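Quick look at work.txt (compact mmCIF, N, CA and C atoms):
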```txt
# COMPACT_ATOMS: atom_id res chain seq x y z
N MET A 1 34.86 -16.26 2.75
CA MET A 1 34.26 -15.81 3.98
C MET A 1 33.72 -14.38 3.84
N PHE A 2 34.41 -13.56 3.03
CA PHE A 2 33.98 -12.18 2.83
C PHE A 2 32.57 -12.12 2.26
N TRP A 3 32.32 -12.93 1.21
CA TRP A 3 31.01 -12.88 0.56
C TRP A 3 29.91 -13.42 1.46
N ASN A 4 30.27 -14.35 2.33
CA ASN A 4 29.30 -14.85 3.29
C ASN A 4 28.87 -13.73 4.23
N ARG A 5 29.81 -12.93 4.67
CA ARG A 5 29.48 -11.80 5.56
C ARG A 5 28.67 -10.74 4.83
N VAL A 6 28.98 -10.53 3.56
CA VAL A 6 28.20 -9.58 2.76
C VAL A 6 26.76 -10.06 2.65
N ARG A 7 26.59 -11.35 2.36
CA ARG A 7 25.23 -11.91 2.27
C ARG A 7 24.52 -11.83 3.61
N GLN A 8 25.22 -12.09 4.70
CA GLN A 8 24.60 -11.99 6.02
C GLN A 8 24.13 -10.57 6.29
N ALA A 9 24.95 -9.59 5.94
CA ALA A 9 24.56 -8.18 6.13
C ALA A 9 23.34 -7.84 5.28
N LEU A 10 23.34 -8.31 4.03
CA LEU A 10 22.21 -8.06 3.14
C LEU A 10 20.93 -8.71 3.68
N TYR A 11 21.02 -9.97 4.07
CA TYR A 11 19.85 -10.67 4.61
C TYR A 11 19.37 -10.04 5.91
N GLY A 12 20.32 -9.58 6.74
CA GLY A 12 19.95 -8.91 7.98
C GLY A 12 19.20 -7.61 7.70
N ALA A 13 19.71 -6.83 6.75
CA ALA A 13 19.05 -5.58 6.38
C ALA A 13 17.67 -5.85 5.79
N MET A 14 17.55 -6.88 4.96
CA MET A 14 16.25 -7.21 4.36
C MET A 14 15.28 -7.75 5.40
N THR A 15 15.78 -8.39 6.44
CA THR A 15 14.92 -8.86 7.52
C THR A 15 14.30 -7.67 8.24
N VAL A 16 15.12 -6.67 8.54
CA VAL A 16 14.61 -5.46 9.19
C VAL A 16 13.62 -4.75 8.26
N ALA A 17 14.00 -4.61 6.99
CA ALA A 17 13.10 -3.97 6.02
C ALA A 17 11.81 -4.77 5.87
N GLY A 18 11.90 -6.10 5.92
CA GLY A 18 10.74 -6.96 5.79
C GLY A 18 9.81 -6.88 6.99
N LEU A 19 10.29 -6.36 8.08
CA LEU A 19 9.46 -6.13 9.24
C LEU A 19 8.83 -4.74 9.18
N ILE A 20 9.62 -3.74 8.83
CA ILE A 20 9.17 -2.34 8.88
C ILE A 20 8.30 -1.96 7.69
N TRP A 21 8.75 -2.22 6.48
CA TRP A 21 8.03 -1.74 5.29
C TRP A 21 6.64 -2.38 5.15
N PRO A 22 6.54 -3.71 5.16
CA PRO A 22 5.19 -4.30 5.11
C PRO A 22 4.36 -3.93 6.35
N GLY A 23 5.04 -3.79 7.50
CA GLY A 23 4.32 -3.40 8.71
C GLY A 23 3.66 -2.04 8.59
N TYR A 24 4.31 -1.14 7.90
CA TYR A 24 3.75 0.19 7.64
C TYR A 24 2.43 0.07 6.87
N PHE A 25 2.44 -0.77 5.84
CA PHE A 25 1.23 -0.92 5.02
C PHE A 25 0.13 -1.68 5.74
N ILE A 26 0.50 -2.64 6.58
CA ILE A 26 -0.51 -3.34 7.38
C ILE A 26 -1.15 -2.36 8.37
N ALA A 27 -0.34 -1.49 8.96
CA ALA A 27 -0.89 -0.47 9.87
C ALA A 27 -1.85 0.45 9.12
N GLN A 28 -1.49 0.83 7.89
CA GLN A 28 -2.40 1.65 7.09
C GLN A 28 -3.70 0.91 6.79
N PHE A 29 -3.59 -0.36 6.45
CA PHE A 29 -4.77 -1.17 6.17
C PHE A 29 -5.68 -1.23 7.39
N ILE A 30 -5.10 -1.49 8.56
CA ILE A 30 -5.89 -1.58 9.80
C ILE A 30 -6.57 -0.25 10.10
N THR A 31 -5.83 0.84 9.93
CA THR A 31 -6.39 2.17 10.18
C THR A 31 -7.53 2.47 9.22
N THR A 32 -7.32 2.19 7.95
CA THR A 32 -8.35 2.44 6.94
C THR A 32 -9.58 1.57 7.19
N THR A 33 -9.36 0.31 7.53
CA THR A 33 -10.48 -0.60 7.82
C THR A 33 -11.25 -0.11 9.04
N GLN A 34 -10.52 0.38 10.04
CA GLN A 34 -11.17 0.90 11.25
C GLN A 34 -12.03 2.12 10.91
N GLU A 35 -11.50 3.00 10.06
CA GLU A 35 -12.27 4.19 9.68
C GLU A 35 -13.53 3.81 8.90
N THR A 36 -13.43 2.76 8.08
CA THR A 36 -14.55 2.32 7.25
C THR A 36 -15.60 1.56 8.06
N THR A 37 -15.13 0.62 8.89
CA THR A 37 -16.06 -0.25 9.60
C THR A 37 -16.32 0.16 11.04
N GLY A 38 -15.42 0.95 11.60
CA GLY A 38 -15.55 1.34 12.99
C GLY A 38 -14.99 0.32 13.96
N GLU A 39 -14.43 -0.78 13.43
CA GLU A 39 -13.87 -1.84 14.28
C GLU A 39 -12.36 -1.84 14.15
N LEU A 40 -11.67 -1.95 15.29
CA LEU A 40 -10.22 -2.01 15.29
C LEU A 40 -9.79 -3.47 15.15
N GLY A 41 -8.82 -3.74 14.31
CA GLY A 41 -8.31 -5.09 14.15
C GLY A 41 -8.01 -5.40 12.70
N PHE A 42 -7.52 -6.58 12.49
CA PHE A 42 -7.13 -7.03 11.17
C PHE A 42 -8.27 -7.88 10.59
N ASP A 43 -8.88 -7.39 9.53
CA ASP A 43 -9.98 -8.10 8.88
C ASP A 43 -9.42 -8.94 7.74
N VAL A 44 -9.27 -10.23 7.98
CA VAL A 44 -8.66 -11.15 7.01
C VAL A 44 -9.43 -11.19 5.70
N THR A 45 -10.75 -11.25 5.78
CA THR A 45 -11.58 -11.33 4.57
C THR A 45 -11.38 -10.11 3.69
N THR A 46 -11.44 -8.93 4.28
CA THR A 46 -11.24 -7.70 3.51
C THR A 46 -9.84 -7.65 2.92
N PHE A 47 -8.85 -8.06 3.71
CA PHE A 47 -7.47 -8.06 3.25
C PHE A 47 -7.30 -8.90 1.99
N PHE A 48 -7.79 -10.14 2.02
CA PHE A 48 -7.63 -11.02 0.86
C PHE A 48 -8.51 -10.59 -0.31
N ASN A 49 -9.68 -10.04 -0.04
CA ASN A 49 -10.51 -9.52 -1.13
C ASN A 49 -9.81 -8.36 -1.83
N GLN A 50 -9.17 -7.49 -1.08
CA GLN A 50 -8.48 -6.35 -1.68
C GLN A 50 -7.21 -6.76 -2.41
N ALA A 51 -6.65 -7.89 -2.05
CA ALA A 51 -5.45 -8.36 -2.75
C ALA A 51 -5.75 -8.71 -4.21
N TRP A 52 -7.00 -9.00 -4.52
CA TRP A 52 -7.39 -9.41 -5.87
C TRP A 52 -8.33 -8.39 -6.52
N VAL A 53 -8.33 -7.14 -6.03
CA VAL A 53 -9.32 -6.15 -6.46
C VAL A 53 -9.15 -5.69 -7.91
N ASN A 54 -7.94 -5.71 -8.46
CA ASN A 54 -7.74 -5.34 -9.86
C ASN A 54 -6.60 -6.16 -10.45
N ALA A 55 -6.32 -5.95 -11.72
CA ALA A 55 -5.30 -6.75 -12.41
C ALA A 55 -3.91 -6.56 -11.81
N THR A 56 -3.59 -5.35 -11.38
CA THR A 56 -2.27 -5.08 -10.82
C THR A 56 -2.07 -5.82 -9.50
N THR A 57 -3.01 -5.66 -8.58
CA THR A 57 -2.88 -6.35 -7.29
C THR A 57 -3.02 -7.86 -7.46
N GLY A 58 -3.85 -8.29 -8.41
CA GLY A 58 -3.98 -9.72 -8.68
C GLY A 58 -2.69 -10.32 -9.18
N PHE A 59 -1.99 -9.58 -10.07
CA PHE A 59 -0.69 -10.04 -10.57
C PHE A 59 0.29 -10.20 -9.43
N ILE A 60 0.38 -9.17 -8.58
CA ILE A 60 1.33 -9.21 -7.46
C ILE A 60 0.98 -10.34 -6.50
N ALA A 61 -0.30 -10.50 -6.20
CA ALA A 61 -0.73 -11.56 -5.29
C ALA A 61 -0.43 -12.95 -5.87
N ALA A 62 -0.70 -13.14 -7.15
CA ALA A 62 -0.43 -14.44 -7.78
C ALA A 62 1.07 -14.72 -7.82
N ASP A 63 1.84 -13.72 -8.20
CA ASP A 63 3.29 -13.86 -8.28
C ASP A 63 3.88 -14.21 -6.92
N LEU A 64 3.46 -13.50 -5.89
CA LEU A 64 3.98 -13.77 -4.55
C LEU A 64 3.48 -15.09 -3.98
N THR A 65 2.29 -15.51 -4.35
CA THR A 65 1.79 -16.80 -3.90
C THR A 65 2.66 -17.93 -4.44
N ILE A 66 3.00 -17.85 -5.71
CA ILE A 66 3.87 -18.87 -6.32
C ILE A 66 5.26 -18.82 -5.69
N ALA A 67 5.81 -17.61 -5.52
CA ALA A 67 7.12 -17.46 -4.88
C ALA A 67 7.09 -18.00 -3.45
N LEU A 68 5.99 -17.81 -2.75
CA LEU A 68 5.84 -18.29 -1.40
C LEU A 68 5.91 -19.81 -1.34
N VAL A 69 5.17 -20.47 -2.22
CA VAL A 69 5.16 -21.94 -2.24
C VAL A 69 6.55 -22.49 -2.55
N VAL A 70 7.21 -21.92 -3.54
CA VAL A 70 8.55 -22.36 -3.93
C VAL A 70 9.54 -22.10 -2.79
N SER A 71 9.43 -20.95 -2.15
CA SER A 71 10.33 -20.59 -1.05
C SER A 71 10.17 -21.54 0.13
N ILE A 72 8.94 -21.90 0.44
CA ILE A 72 8.72 -22.83 1.55
C ILE A 72 9.31 -24.20 1.23
N ALA A 73 9.14 -24.65 0.00
CA ALA A 73 9.75 -25.93 -0.39
C ALA A 73 11.27 -25.85 -0.26
N PHE A 74 11.86 -24.74 -0.68
CA PHE A 74 13.31 -24.53 -0.54
C PHE A 74 13.71 -24.52 0.93
N MET A 75 12.94 -23.81 1.75
CA MET A 75 13.26 -23.72 3.17
C MET A 75 13.25 -25.09 3.84
N VAL A 76 12.26 -25.89 3.52
CA VAL A 76 12.18 -27.23 4.11
C VAL A 76 13.37 -28.08 3.66
N ALA A 77 13.65 -28.08 2.38
CA ALA A 77 14.77 -28.88 1.86
C ALA A 77 16.11 -28.43 2.44
N GLU A 78 16.35 -27.13 2.45
CA GLU A 78 17.61 -26.60 2.99
C GLU A 78 17.73 -26.83 4.49
N SER A 79 16.64 -26.71 5.20
CA SER A 79 16.67 -26.93 6.64
C SER A 79 17.04 -28.37 6.96
N ARG A 80 16.49 -29.28 6.21
CA ARG A 80 16.83 -30.70 6.41
C ARG A 80 18.27 -30.98 6.01
N ARG A 81 18.70 -30.42 4.88
CA ARG A 81 20.07 -30.64 4.40
C ARG A 81 21.10 -30.09 5.39
N LEU A 82 20.85 -28.90 5.91
CA LEU A 82 21.81 -28.26 6.82
C LEU A 82 21.55 -28.57 8.28
N LYS A 83 20.47 -29.33 8.54
CA LYS A 83 20.07 -29.67 9.91
C LYS A 83 19.86 -28.42 10.75
N LEU A 84 19.10 -27.47 10.21
CA LEU A 84 18.75 -26.25 10.94
C LEU A 84 17.70 -26.58 12.00
N LYS A 85 17.89 -26.04 13.17
CA LYS A 85 16.92 -26.24 14.25
C LYS A 85 15.80 -25.22 14.11
N PHE A 86 14.64 -25.59 14.54
CA PHE A 86 13.48 -24.69 14.62
C PHE A 86 13.11 -24.06 13.28
N TRP A 87 13.32 -24.78 12.19
CA TRP A 87 13.08 -24.20 10.87
C TRP A 87 11.61 -23.89 10.63
N GLY A 88 10.71 -24.55 11.31
CA GLY A 88 9.29 -24.28 11.13
C GLY A 88 8.88 -22.89 11.62
N ILE A 89 9.67 -22.33 12.52
CA ILE A 89 9.38 -20.99 13.02
C ILE A 89 9.41 -19.97 11.88
N TYR A 90 10.34 -20.14 10.95
CA TYR A 90 10.45 -19.18 9.84
C TYR A 90 9.20 -19.20 8.96
N ILE A 91 8.64 -20.38 8.78
CA ILE A 91 7.41 -20.49 8.00
C ILE A 91 6.27 -19.81 8.75
N GLY A 92 6.21 -20.00 10.05
CA GLY A 92 5.21 -19.32 10.86
C GLY A 92 5.35 -17.80 10.79
N LEU A 93 6.59 -17.32 10.78
CA LEU A 93 6.83 -15.87 10.69
C LEU A 93 6.40 -15.31 9.34
N ILE A 94 6.52 -16.13 8.29
CA ILE A 94 6.06 -15.70 6.97
C ILE A 94 4.57 -15.37 7.03
N PHE A 95 3.80 -16.25 7.65
CA PHE A 95 2.35 -16.06 7.71
C PHE A 95 1.94 -15.11 8.83
N GLY A 96 2.74 -15.01 9.88
CA GLY A 96 2.39 -14.16 11.01
C GLY A 96 2.83 -12.72 10.87
N ILE A 97 3.94 -12.49 10.16
CA ILE A 97 4.45 -11.12 10.02
C ILE A 97 4.49 -10.72 8.56
N SER A 98 5.39 -11.33 7.80
CA SER A 98 5.43 -11.06 6.35
C SER A 98 6.37 -12.06 5.68
N PHE A 99 6.12 -12.28 4.41
CA PHE A 99 6.99 -13.14 3.60
C PHE A 99 8.41 -12.57 3.60
N ALA A 100 8.53 -11.26 3.40
CA ALA A 100 9.83 -10.60 3.34
C ALA A 100 10.61 -10.80 4.64
N PHE A 101 9.94 -10.74 5.77
CA PHE A 101 10.59 -10.91 7.06
C PHE A 101 11.00 -12.35 7.29
N GLY A 102 10.06 -13.26 7.19
CA GLY A 102 10.33 -14.67 7.49
C GLY A 102 11.36 -15.30 6.57
N PHE A 103 11.25 -15.03 5.27
CA PHE A 103 12.19 -15.63 4.33
C PHE A 103 13.58 -15.01 4.46
N SER A 104 13.65 -13.70 4.66
CA SER A 104 14.96 -13.05 4.84
C SER A 104 15.65 -13.55 6.11
N LEU A 105 14.87 -13.72 7.19
CA LEU A 105 15.44 -14.24 8.43
C LEU A 105 15.94 -15.67 8.22
N PHE A 106 15.17 -16.49 7.50
CA PHE A 106 15.62 -17.84 7.19
C PHE A 106 16.94 -17.80 6.42
N MET A 107 17.03 -16.94 5.41
CA MET A 107 18.25 -16.85 4.61
C MET A 107 19.44 -16.38 5.45
N LEU A 108 19.20 -15.48 6.39
CA LEU A 108 20.26 -15.05 7.30
C LEU A 108 20.75 -16.22 8.15
N MET A 109 19.82 -16.96 8.72
CA MET A 109 20.20 -18.11 9.56
C MET A 109 20.89 -19.20 8.74
N ARG A 110 20.45 -19.37 7.50
CA ARG A 110 21.08 -20.33 6.59
C ARG A 110 22.53 -19.93 6.31
N GLU A 111 22.77 -18.64 6.04
CA GLU A 111 24.13 -18.16 5.80
C GLU A 111 25.01 -18.35 7.02
N ARG A 112 24.45 -18.10 8.18
CA ARG A 112 25.22 -18.29 9.41
C ARG A 112 25.61 -19.75 9.59
N LYS A 113 24.68 -20.65 9.29
CA LYS A 113 24.96 -22.09 9.39
C LYS A 113 26.02 -22.50 8.37
N LEU A 114 25.92 -21.96 7.15
CA LEU A 114 26.93 -22.27 6.13
C LEU A 114 28.29 -21.76 6.55
N ALA A 115 28.36 -20.59 7.17
CA ALA A 115 29.63 -20.04 7.66
C ALA A 115 30.22 -20.92 8.75
N GLU A 116 29.35 -21.40 9.66
CA GLU A 116 29.80 -22.32 10.71
C GLU A 116 30.38 -23.59 10.11
N SER A 117 29.69 -24.15 9.12
CA SER A 117 30.14 -25.38 8.48
C SER A 117 31.47 -25.17 7.76
N LEU A 118 31.61 -24.05 7.09
CA LEU A 118 32.84 -23.73 6.37
C LEU A 118 33.99 -23.54 7.35
N GLU A 119 33.71 -22.86 8.45
CA GLU A 119 34.74 -22.63 9.46
C GLU A 119 35.19 -23.94 10.11
N ALA A 120 34.22 -24.80 10.40
CA ALA A 120 34.54 -26.10 10.99
C ALA A 120 35.33 -26.97 10.04
N ALA A 121 35.05 -26.86 8.74
CA ALA A 121 35.76 -27.68 7.75
C ALA A 121 37.19 -27.22 7.53
N THR A 122 37.47 -25.93 7.74
CA THR A 122 38.81 -25.41 7.50
C THR A 122 39.70 -25.45 8.73
N THR A 123 39.14 -25.81 9.89
CA THR A 123 39.97 -25.88 11.10
C THR A 123 40.32 -27.29 11.46
```
Using structure tokens, write down the structure from this file.
Amino acid sequence: MFWNRVRQALYGAMTVAGLIWPGYFIAQFITTTQETTGELGFDVTTFFNQAWVNATTGFIAADLTIALVVSIAFMVAESRRLKLKFWGIYIGLIFGISFAFGFSLFMLMRERKLAESLEAATT
């Protein structure tokens, strides 16, 4: 039970970090795009074009794209196995906020469900 709580704390902290840290960079992107184009908002085309602008960003984008696909497959399988409710919301959060936020939140909820199952089995 101790390690389950440690993992929950870690996933909780990473969920918060996954909201704040990528959010900081998205805010910078929006500000920079606004200064360049004069329009306020999130420009999807520019965002994805810049993700592949050089070898370094291309590597990171490709690596995260593969990790994203594998993570979603894991999330679907685990959600069905553990009978998690509303599991599709976490996938939506990945695309709506950030991969770091959505996946960390899913892992936190998964740990909580595992703790519930373990507690129910021992009582």
Query raised in the report: So how far away is atom N of A:Gln50 from atom CA of A:Ser71, in Å?
Result: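 Atom-to-atom, atom CA of A:Ser71 to atom N of A:Gln50, that is 23.5 Å.
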Query raised in the report: Suppose you want the space between atom N of A:Ile60 and atom C of A:Phe47; what is it in Å?
Result: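 Rounded to one decimal, the two atoms are 13.1 Å apart.
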**Report entry** Distance of atom C of A:Ala17 from atom CA of A:Gly92, expressed in Å to one decimal place
**Finding:**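 Computed distance, atom CA of A:Gly92 to atom C of A:Ala17, equals 16.7 Å.
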Query raised in the report: Which residue, A:Leu40, A:Ala115, A:Leu108, A:Ala121, has the smallest gap to A:Gly12 when you use only N, CA and C atoms?
Result: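 Looking at the shortest contact to A:Gly12, the residue is A:Leu108.
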Query raised in the report: Using all atoms listed in the file, which of A:Phe101, A:Leu84, A:Glu35, A:Glu116 sits nearest A:Gly18?
Result: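 Ranked by minimum distance to A:Gly18, first place goes to A:Phe101.
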Query raised in the report: For A:Met107, which of A:Leu64, A:Met75, A:Leu82, A:Ile94 is the closest residue, counting only C-alpha atoms?
Result: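 For A:Met107, the nearest of the given residues is A:Met75.
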Requested in this report: Give the answer as one residue: which of A:Ser98, A:Pro22, A:Ile91, A:Thr31 has the shortest atom-to-atom distance to A:Ile72, using only N, CA and C atoms?
Outcome: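 Answer, going by the shortest atom-to-atom distance: A:Ile91.
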Query raised in the report: Hey, what's within 9 Å of A:Leu10 if we count only C-alpha atoms and toss same-chain stuff fewer than 5 positions away? As a ChimeraX atom specification, please?
Result: /A:5,15,104,108
Query raised in the report: Is there a way to get, as a VMD selection string, all residues within 7 Å of the point (22.8, -12.6, 9.0) in file coordinates, counting only C-alpha atoms?
Result: chain A and resid 8 to 9 11 to 12 108 to 109 111 to 112
Requested in this report: Identify which of the residues A:Val69, A:Phe42, A:Phe59, A:Val16 lies closest to A:Ile30, counting only N, CA and C atoms when measuring atom-to-atom distances.
Outcome: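 Closest to A:Ile30, using only N, CA and C atoms: A:Phe42.
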Requested in this report: Pick out the closest residue to A:Ser79 from this set: A:Gln34, A:Phe106, A:Arg7, A:Ala120. Count only C-alpha atoms.
Outcome: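 Closest candidate: A:Phe106.
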Return stretch 78-95 of chain A, completed with N, CA, C and O atoms, as a short mmCIF file (atom, residue, chain, number, x, y, z; two decimals), in the coordinates of the input.
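Saved to selection-v7.cif:
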```cif
data_model
loop_
_atom_site.label_atom_id
_atom_site.label_comp_id
_atom_site.auth_asym_id
_atom_site.auth_seq_id
_atom_site.Cartn_x
_atom_site.Cartn_y
_atom_site.Cartn_z
N GLU A 78 16.35 -27.13 2.45
CA GLU A 78 17.61 -26.60 2.99
C GLU A 78 17.73 -26.83 4.49
O GLU A 78 18.82 -27.13 4.98
N SER A 79 16.64 -26.71 5.20
CA SER A 79 16.67 -26.93 6.64
C SER A 79 17.04 -28.37 6.96
O SER A 79 17.82 -28.63 7.88
N ARG A 80 16.49 -29.28 6.21
CA ARG A 80 16.83 -30.70 6.41
C ARG A 80 18.27 -30.98 6.01
O ARG A 80 18.99 -31.68 6.71
N ARG A 81 18.70 -30.42 4.88
CA ARG A 81 20.07 -30.64 4.40
C ARG A 81 21.10 -30.09 5.39
O ARG A 81 22.09 -30.76 5.69
N LEU A 82 20.85 -28.90 5.91
CA LEU A 82 21.81 -28.26 6.82
C LEU A 82 21.55 -28.57 8.28
O LEU A 82 22.28 -28.14 9.15
N LYS A 83 20.47 -29.33 8.54
CA LYS A 83 20.07 -29.67 9.91
C LYS A 83 19.86 -28.42 10.75
O LYS A 83 20.35 -28.32 11.88
N LEU A 84 19.10 -27.47 10.21
CA LEU A 84 18.75 -26.25 10.94
C LEU A 84 17.70 -26.58 12.00
O LEU A 84 16.74 -27.29 11.71
N LYS A 85 17.89 -26.04 13.17
CA LYS A 85 16.92 -26.24 14.25
C LYS A 85 15.80 -25.22 14.11
O LYS A 85 16.01 -24.11 13.64
N PHE A 86 14.64 -25.59 14.54
CA PHE A 86 13.48 -24.69 14.62
C PHE A 86 13.11 -24.06 13.28
O PHE A 86 12.61 -22.94 13.23
N TRP A 87 13.32 -24.78 12.19
CA TRP A 87 13.08 -24.20 10.87
C TRP A 87 11.61 -23.89 10.63
O TRP A 87 11.28 -23.00 9.86
N GLY A 88 10.71 -24.55 11.31
CA GLY A 88 9.29 -24.28 11.13
C GLY A 88 8.88 -22.89 11.62
O GLY A 88 7.88 -22.33 11.17
N ILE A 89 9.67 -22.33 12.52
CA ILE A 89 9.38 -20.99 13.02
C ILE A 89 9.41 -19.97 11.88
O ILE A 89 8.59 -19.05 11.84
N TYR A 90 10.34 -20.14 10.95
CA TYR A 90 10.45 -19.18 9.84
C TYR A 90 9.20 -19.20 8.96
O TYR A 90 8.76 -18.16 8.49
N ILE A 91 8.64 -20.38 8.78
CA ILE A 91 7.41 -20.49 8.00
C ILE A 91 6.27 -19.81 8.75
O ILE A 91 5.47 -19.09 8.16
N GLY A 92 6.21 -20.00 10.05
CA GLY A 92 5.21 -19.32 10.86
C GLY A 92 5.35 -17.80 10.79
O GLY A 92 4.36 -17.08 10.72
N LEU A 93 6.59 -17.32 10.78
CA LEU A 93 6.83 -15.87 10.69
C LEU A 93 6.40 -15.31 9.34
O LEU A 93 5.96 -14.16 9.26
N ILE A 94 6.52 -16.13 8.29
CA ILE A 94 6.06 -15.70 6.97
C ILE A 94 4.57 -15.37 7.03
O ILE A 94 4.12 -14.34 6.53
N PHE A 95 3.80 -16.25 7.65
CA PHE A 95 2.35 -16.06 7.71
C PHE A 95 1.94 -15.11 8.83
O PHE A 95 0.91 -14.45 8.72
#
```
